[in-house]
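Structure data (mmCIF, C-alpha atoms) from target.cif:
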data_protein
#
loop_
_atom_site.label_atom_id
_atom_site.label_comp_id
_atom_site.auth_asym_id
_atom_site.auth_seq_id
_atom_site.Cartn_x
_atom_site.Cartn_y
_atom_site.Cartn_z
CA MET A 1 43.14 -65.69 -26.08
CA LYS A 2 40.66 -63.06 -27.29
CA GLN A 3 38.13 -65.78 -28.10
CA VAL A 4 38.39 -67.23 -24.58
CA VAL A 5 37.83 -63.79 -23.03
CA MET A 6 34.85 -63.11 -25.32
CA ILE A 7 33.30 -66.49 -24.48
CA GLU A 8 33.74 -65.80 -20.75
CA MET A 9 32.17 -62.34 -21.15
CA MET A 10 29.22 -63.83 -23.03
CA SER A 11 28.83 -66.44 -20.30
CA VAL A 12 28.72 -63.73 -17.61
CA GLN A 13 26.18 -61.71 -19.63
CA GLN A 14 23.95 -64.76 -20.06
CA LYS A 15 23.96 -65.37 -16.29
CA ARG A 16 22.79 -61.83 -15.50
CA ILE A 17 19.16 -61.48 -14.60
CA HIS A 18 17.08 -59.35 -16.94
CA PRO A 19 16.36 -55.91 -15.35
CA TYR A 20 12.58 -56.40 -15.70
CA LYS A 21 12.80 -59.79 -14.01
CA PHE A 22 14.92 -58.29 -11.24
CA ASN A 23 12.31 -55.55 -10.68
CA MET A 24 9.57 -58.16 -10.64
CA TRP A 25 11.39 -60.18 -7.97
CA LEU A 26 11.82 -57.03 -5.87
CA GLY A 27 8.10 -56.36 -6.18
CA LEU A 28 7.24 -59.93 -5.23
CA ALA A 29 9.49 -59.67 -2.16
CA GLY A 30 7.53 -56.58 -1.09
CA ILE A 31 4.22 -58.39 -1.59
CA ILE A 32 5.48 -61.36 0.45
CA MET A 33 6.45 -59.03 3.30
CA MET A 34 3.04 -57.33 3.20
CA PHE A 35 1.12 -60.61 3.39
CA ALA A 36 3.49 -62.00 6.04
CA GLY A 37 2.74 -58.90 8.12
CA LEU A 38 -1.01 -59.25 7.65
CA THR A 39 -1.09 -62.94 8.52
CA SER A 40 1.17 -62.31 11.54
CA ALA A 41 -1.22 -59.58 12.73
CA TYR A 42 -4.09 -62.05 12.27
CA ILE A 43 -2.35 -64.55 14.56
CA VAL A 44 -1.67 -61.89 17.22
CA LYS A 45 -5.23 -60.49 17.12
CA ARG A 46 -6.85 -63.92 17.56
CA SER A 47 -6.63 -63.49 21.35
CA GLN A 48 -8.68 -60.28 21.13
CA PRO A 49 -12.16 -60.16 22.72
CA GLY A 50 -14.98 -60.57 20.21
CA TRP A 51 -12.95 -62.82 17.94
CA GLU A 52 -15.21 -65.48 16.47
CA SER A 53 -14.10 -68.49 14.50
CA PHE A 54 -15.55 -68.97 11.06
CA THR A 55 -15.68 -71.48 8.25
CA LEU A 56 -14.72 -70.47 4.75
CA PRO A 57 -17.64 -70.93 2.36
CA THR A 58 -17.18 -73.83 -0.06
CA VAL A 59 -16.92 -71.42 -2.98
CA PHE A 60 -13.39 -70.55 -1.78
CA SER A 61 -12.40 -74.18 -2.41
CA TYR A 62 -13.73 -73.88 -5.95
CA SER A 63 -11.79 -70.67 -6.48
CA THR A 64 -8.64 -72.45 -5.27
CA LEU A 65 -9.16 -75.18 -7.85
CA VAL A 66 -9.70 -72.55 -10.57
CA ILE A 67 -6.50 -70.69 -9.77
CA LEU A 68 -4.49 -73.93 -9.66
CA VAL A 69 -5.81 -74.88 -13.12
CA SER A 70 -4.85 -71.41 -14.34
CA SER A 71 -1.25 -72.11 -13.31
CA VAL A 72 -1.27 -75.09 -15.65
CA THR A 73 -2.82 -73.12 -18.52
CA ILE A 74 -0.32 -70.28 -18.28
CA GLN A 75 2.54 -72.77 -18.27
CA VAL A 76 1.13 -74.37 -21.43
CA ALA A 77 0.84 -70.89 -22.96
CA LEU A 78 4.46 -70.05 -22.11
CA LYS A 79 5.70 -73.32 -23.59
CA ALA A 80 3.63 -72.71 -26.73
CA PHE A 81 5.07 -69.19 -27.07
CA LYS A 82 8.63 -70.49 -26.80
CA GLY A 83 7.76 -73.09 -29.44
CA HIS A 84 6.35 -70.36 -31.74
CA GLN A 85 2.91 -72.02 -31.60
CA MET A 86 1.03 -68.73 -31.60
CA ALA A 87 -2.51 -70.12 -31.94
CA LYS A 88 -2.02 -72.41 -28.94
CA TYR A 89 -0.31 -69.61 -27.02
CA ARG A 90 -3.21 -67.20 -27.62
CA LEU A 91 -5.78 -69.84 -26.67
CA PHE A 92 -4.15 -70.79 -23.37
CA PHE A 93 -3.34 -67.20 -22.48
CA ALA A 94 -7.01 -66.32 -23.04
CA ILE A 95 -8.10 -69.30 -20.94
CA THR A 96 -5.77 -68.17 -18.14
CA ALA A 97 -7.22 -64.65 -18.20
CA LEU A 98 -10.77 -66.05 -18.11
CA LEU A 99 -9.86 -68.32 -15.20
CA GLY A 100 -8.45 -65.27 -13.40
CA VAL A 101 -11.74 -63.42 -13.85
CA LEU A 102 -13.66 -66.52 -12.71
CA PHE A 103 -11.43 -66.73 -9.61
CA VAL A 104 -12.27 -63.13 -8.70
CA ALA A 105 -16.01 -63.73 -9.29
CA LEU A 106 -15.94 -66.80 -7.03
CA GLN A 107 -14.11 -64.86 -4.32
CA VAL A 108 -16.66 -62.03 -4.42
CA SER A 109 -19.42 -64.65 -4.22
CA GLY A 110 -17.69 -66.05 -1.12
CA PHE A 111 -17.81 -62.67 0.58
CA TYR A 112 -21.53 -62.40 -0.13
CA GLN A 113 -21.95 -65.82 1.50
CA PHE A 114 -20.04 -64.57 4.54
CA GLU A 115 -22.52 -61.72 4.83
CA GLU A 116 -25.43 -64.15 4.52
CA GLN A 117 -23.93 -66.01 7.52
CA GLY A 118 -24.18 -62.74 9.48
CA MET A 119 -20.48 -61.85 9.35
CA LYS A 120 -19.98 -58.09 9.66
CA MET A 121 -16.88 -55.98 9.33
CA THR A 122 -18.02 -53.04 11.46
CA GLY A 123 -20.78 -52.13 13.90
CA ILE A 124 -22.57 -54.17 16.54
CA GLY A 125 -21.81 -57.85 16.25
CA SER A 126 -18.83 -57.26 14.00
CA ASN A 127 -16.16 -59.93 13.87
CA PRO A 128 -12.52 -58.83 13.64
CA ALA A 129 -11.70 -62.20 12.01
CA TYR A 130 -13.92 -61.32 9.07
CA SER A 131 -12.23 -57.92 8.75
CA PHE A 132 -8.90 -59.71 8.38
CA VAL A 133 -10.29 -62.21 5.89
CA LEU A 134 -11.74 -59.38 3.83
CA ALA A 135 -8.51 -57.35 3.95
CA ILE A 136 -6.16 -60.25 3.15
CA ALA A 137 -8.30 -61.91 0.47
CA GLY A 138 -9.30 -58.50 -0.91
CA LEU A 139 -5.67 -57.47 -1.35
CA HIS A 140 -5.01 -60.78 -3.05
CA ILE A 141 -7.91 -60.13 -5.43
CA VAL A 142 -6.34 -56.77 -6.34
CA HIS A 143 -3.08 -58.55 -7.18
CA VAL A 144 -4.93 -61.14 -9.27
CA LEU A 145 -6.73 -58.37 -11.17
CA GLY A 146 -3.34 -56.75 -11.83
CA GLY A 147 -2.21 -60.09 -13.22
CA VAL A 148 -5.31 -60.32 -15.43
CA VAL A 149 -4.58 -56.83 -16.83
CA ALA A 150 -0.97 -57.87 -17.54
CA LEU A 151 -2.21 -61.07 -19.20
CA LEU A 152 -4.57 -59.11 -21.43
CA ILE A 153 -1.88 -56.59 -22.44
CA ILE A 154 0.52 -59.39 -23.42
CA PHE A 155 -2.34 -61.31 -25.05
CA PHE A 156 -3.35 -58.40 -27.31
CA LYS A 157 0.28 -57.85 -28.29
CA ALA A 158 0.18 -61.37 -29.73
CA PHE A 159 -2.31 -60.09 -32.32
CA SER A 160 -0.14 -57.14 -33.31
CA THR A 161 0.27 -56.74 -37.08
CA ARG A 162 3.76 -55.38 -36.58
CA LYS A 163 6.83 -57.56 -36.93
CA ARG A 164 6.67 -60.62 -34.69
CA ASN A 165 8.83 -60.43 -31.60
CA TYR A 166 9.59 -63.79 -30.05
CA ASP A 167 11.30 -62.36 -26.96
CA SER A 168 9.82 -64.54 -24.24
CA THR A 169 10.85 -62.22 -21.37
CA PRO A 170 7.48 -60.41 -21.00
CA VAL A 171 5.58 -63.70 -21.17
CA GLU A 172 7.95 -65.28 -18.62
CA ILE A 173 7.49 -62.32 -16.26
CA VAL A 174 3.70 -62.49 -16.46
CA ALA A 175 3.77 -66.29 -16.03
CA THR A 176 6.04 -66.02 -12.99
CA TYR A 177 3.80 -63.35 -11.45
CA TRP A 178 0.74 -65.51 -12.13
CA HIS A 179 2.33 -68.55 -10.48
CA PHE A 180 3.20 -66.30 -7.56
CA VAL A 181 -0.41 -65.12 -7.01
CA ASP A 182 -1.51 -68.76 -7.31
CA ILE A 183 0.92 -69.91 -4.62
CA LEU A 184 0.03 -66.89 -2.49
CA TRP A 185 -3.66 -67.80 -2.58
CA VAL A 186 -2.93 -71.42 -1.66
CA TYR A 187 -0.94 -70.12 1.34
CA ILE A 188 -3.82 -67.81 2.36
CA PHE A 189 -6.40 -70.58 1.87
CA VAL A 190 -4.45 -73.07 4.00
CA PHE A 191 -3.73 -70.35 6.58
CA PHE A 192 -7.43 -69.55 7.02
CA HIS A 193 -8.31 -73.23 7.22
CA LEU A 194 -5.75 -73.89 9.92
CA LEU A 195 -6.35 -70.72 11.95
CA HIS A 196 -10.06 -69.94 11.60
#

Please re-express this file's structure in structure tokens.
Amino acid sequence: MKQVVMIEMMSVQQKRIHPYKFNMWLGLAGIIMMFAGLTSAYIVKRSQPGWESFTLPTVFSYSTLVILVSSVTIQVALKAFKGHQMAKYRLFFAITALLGVLFVALQVSGFYQFEEQGMKMTGIGSNPAYSFVLAIAGLHIVHVLGGVVALLIIFFKAFSTRKRNYDSTPVEIVATYWHFVDILWVYIFVFFHLLH
């Protein structure tokens, strides 16, 4: 009887979500609400005088491809970590971080191209649409940079000379967050294409 109770207790404990994962999901819910509010405001403001349609520079398509590839690389890294293949894990984690930096660089390049097209955020001839694009994509860039920092912290821990810890929870959390910012950008990219 005691064994049955202990097995049931272990089963319940295994089904519980890790506190760090729970906190991450709460944070992601907040981010979703923020971006839902911003994109809703964008839709409402489209009827405002002075609103001009725009076309996203092609570089945003390249950045989308980069961030989608980074989702693949982080998944490979996570699988390698769980398989105790540390060299492969380090390589693909590093590639993911570099792709994150490349994504940000491409996004910044896209904003410079907007300015070359004459898009202004404030002043005479300003376009409220561009202000929204800058705010929404800019906030996304901040979240990607946060992900890059988290990637680098976890990456450098992989080189620690202390005893190896094969707890995959931190790597899973960072991978989940990274997939989230990837999906979020795809949503934003499609949103701007449909409602420019």

**Message:** Measuring between only C-alpha atoms, which one of A:Phe189, A:Ile183, A:Tyr177, A:Leu134 shows the shortest distance to Tyr20 (chain A)?
**Reply:**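 Using only C-alpha atoms, the shortest distance to Tyr20 (chain A) belongs to A:Tyr177.
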
**Request:** Between CA of Gln117 (chain A) and CA of Phe103 (chain A), measure the distance and give it in Å to one decimal.
**Result:**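 Atom-to-atom, CA of Gln117 (chain A) and CA of Phe103 (chain A) are spaced 21.2 Å apart.
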
Given the file shown, determine the residues that the PyMOL selection byres ((chain A and resi 62) around 12) selects; report them as an mmCIF file with C-alpha atoms, keeping the file's coordinate frame.
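The resulting file, expr33.cif, is reproduced below:
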data_model
loop_
_atom_site.group_PDB
_atom_site.id
_atom_site.type_symbol
_atom_site.label_atom_id
_atom_site.label_comp_id
_atom_site.auth_asym_id
_atom_site.auth_seq_id
_atom_site.Cartn_x
_atom_site.Cartn_y
_atom_site.Cartn_z
ATOM 1 C CA LEU A 56 -14.720 -70.470 4.750
ATOM 2 C CA PRO A 57 -17.640 -70.930 2.360
ATOM 3 C CA THR A 58 -17.180 -73.830 -0.060
ATOM 4 C CA VAL A 59 -16.920 -71.420 -2.980
ATOM 5 C CA PHE A 60 -13.390 -70.550 -1.780
ATOM 6 C CA SER A 61 -12.400 -74.180 -2.410
ATOM 7 C CA SER A 63 -11.790 -70.670 -6.480
ATOM 8 C CA THR A 64 -8.640 -72.450 -5.270
ATOM 9 C CA LEU A 65 -9.160 -75.180 -7.850
ATOM 10 C CA VAL A 66 -9.700 -72.550 -10.570
ATOM 11 C CA ILE A 67 -6.500 -70.690 -9.770
ATOM 12 C CA LEU A 68 -4.490 -73.930 -9.660
ATOM 13 C CA VAL A 69 -5.810 -74.880 -13.120
ATOM 14 C CA LEU A 99 -9.860 -68.320 -15.200
ATOM 15 C CA LEU A 102 -13.660 -66.520 -12.710
ATOM 16 C CA PHE A 103 -11.430 -66.730 -9.610
ATOM 17 C CA VAL A 104 -12.270 -63.130 -8.700
ATOM 18 C CA ALA A 105 -16.010 -63.730 -9.290
ATOM 19 C CA LEU A 106 -15.940 -66.800 -7.030
ATOM 20 C CA GLN A 107 -14.110 -64.860 -4.320
ATOM 21 C CA SER A 109 -19.420 -64.650 -4.220
ATOM 22 C CA GLY A 110 -17.690 -66.050 -1.120
ATOM 23 C CA VAL A 186 -2.930 -71.420 -1.660
ATOM 24 C CA PHE A 189 -6.400 -70.580 1.870
#

**Asked** Restricting the calculation to all atoms listed in the file, which member of A:Phe132, A:Tyr89, A:Phe22, A:Phe54 is positioned closest to Phe114 (chain A)?
**Response** A:Phe54

**Prompt:** Which polymer residues have any atom within 10 Å of an atom of Lys79 (chain A), counting all atoms listed in the file, with same-chain residues fewer than 3 positions away left out, as number ranges by chain?
**Reply:** A: 73-76, 82-85, 88-89, 168, 171-172

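Remark: for Lys157 (chain A), the closest of the candidate residues A:Met86, A:Leu184, A:Ala29, A:Val133 is A:Met86 (distances computed over all atoms listed in the file).
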
**Message:** So that I can check the surroundings of Val144 (chain A), please list as number ranges by chain every protein, DNA and RNA residue that reaches within 8 Å of it, counting all atoms listed in the file and ignoring chain neighbours fewer than 6 positions away.
**Reply:** A: 100, 104, 178, 181

**Request:** Could you state which residues are captured by the PyMOL selection byres ((chain A and resi 142) around 12) in this file, as number ranges by chain?
**Result:** A: 31, 100-101, 103-104, 107-108, 134-141, 143-149, 181, 185

Can you write out the residues you just picked, keeping C-alpha atoms, as an mmCIF file, in the coordinates of the input?
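Written out: result.cif:
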data_model
loop_
_atom_site.group_PDB
_atom_site.id
_atom_site.type_symbol
_atom_site.label_atom_id
_atom_site.label_comp_id
_atom_site.auth_asym_id
_atom_site.auth_seq_id
_atom_site.Cartn_x
_atom_site.Cartn_y
_atom_site.Cartn_z
ATOM 1 C CA ILE A 31 4.220 -58.390 -1.590
ATOM 2 C CA GLY A 100 -8.450 -65.270 -13.400
ATOM 3 C CA VAL A 101 -11.740 -63.420 -13.850
ATOM 4 C CA PHE A 103 -11.430 -66.730 -9.610
ATOM 5 C CA VAL A 104 -12.270 -63.130 -8.700
ATOM 6 C CA GLN A 107 -14.110 -64.860 -4.320
ATOM 7 C CA VAL A 108 -16.660 -62.030 -4.420
ATOM 8 C CA LEU A 134 -11.740 -59.380 3.830
ATOM 9 C CA ALA A 135 -8.510 -57.350 3.950
ATOM 10 C CA ILE A 136 -6.160 -60.250 3.150
ATOM 11 C CA ALA A 137 -8.300 -61.910 0.470
ATOM 12 C CA GLY A 138 -9.300 -58.500 -0.910
ATOM 13 C CA LEU A 139 -5.670 -57.470 -1.350
ATOM 14 C CA HIS A 140 -5.010 -60.780 -3.050
ATOM 15 C CA ILE A 141 -7.910 -60.130 -5.430
ATOM 16 C CA HIS A 143 -3.080 -58.550 -7.180
ATOM 17 C CA VAL A 144 -4.930 -61.140 -9.270
ATOM 18 C CA LEU A 145 -6.730 -58.370 -11.170
ATOM 19 C CA GLY A 146 -3.340 -56.750 -11.830
ATOM 20 C CA GLY A 147 -2.210 -60.090 -13.220
ATOM 21 C CA VAL A 148 -5.310 -60.320 -15.430
ATOM 22 C CA VAL A 149 -4.580 -56.830 -16.830
ATOM 23 C CA VAL A 181 -0.410 -65.120 -7.010
ATOM 24 C CA TRP A 185 -3.660 -67.800 -2.580
#

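Among the candidates A:Thr55, A:Phe159, A:Gly30, A:Ile43, the residue lying nearest to His193 (chain A) is A:Thr55 (atoms considered: only C-alpha atoms).
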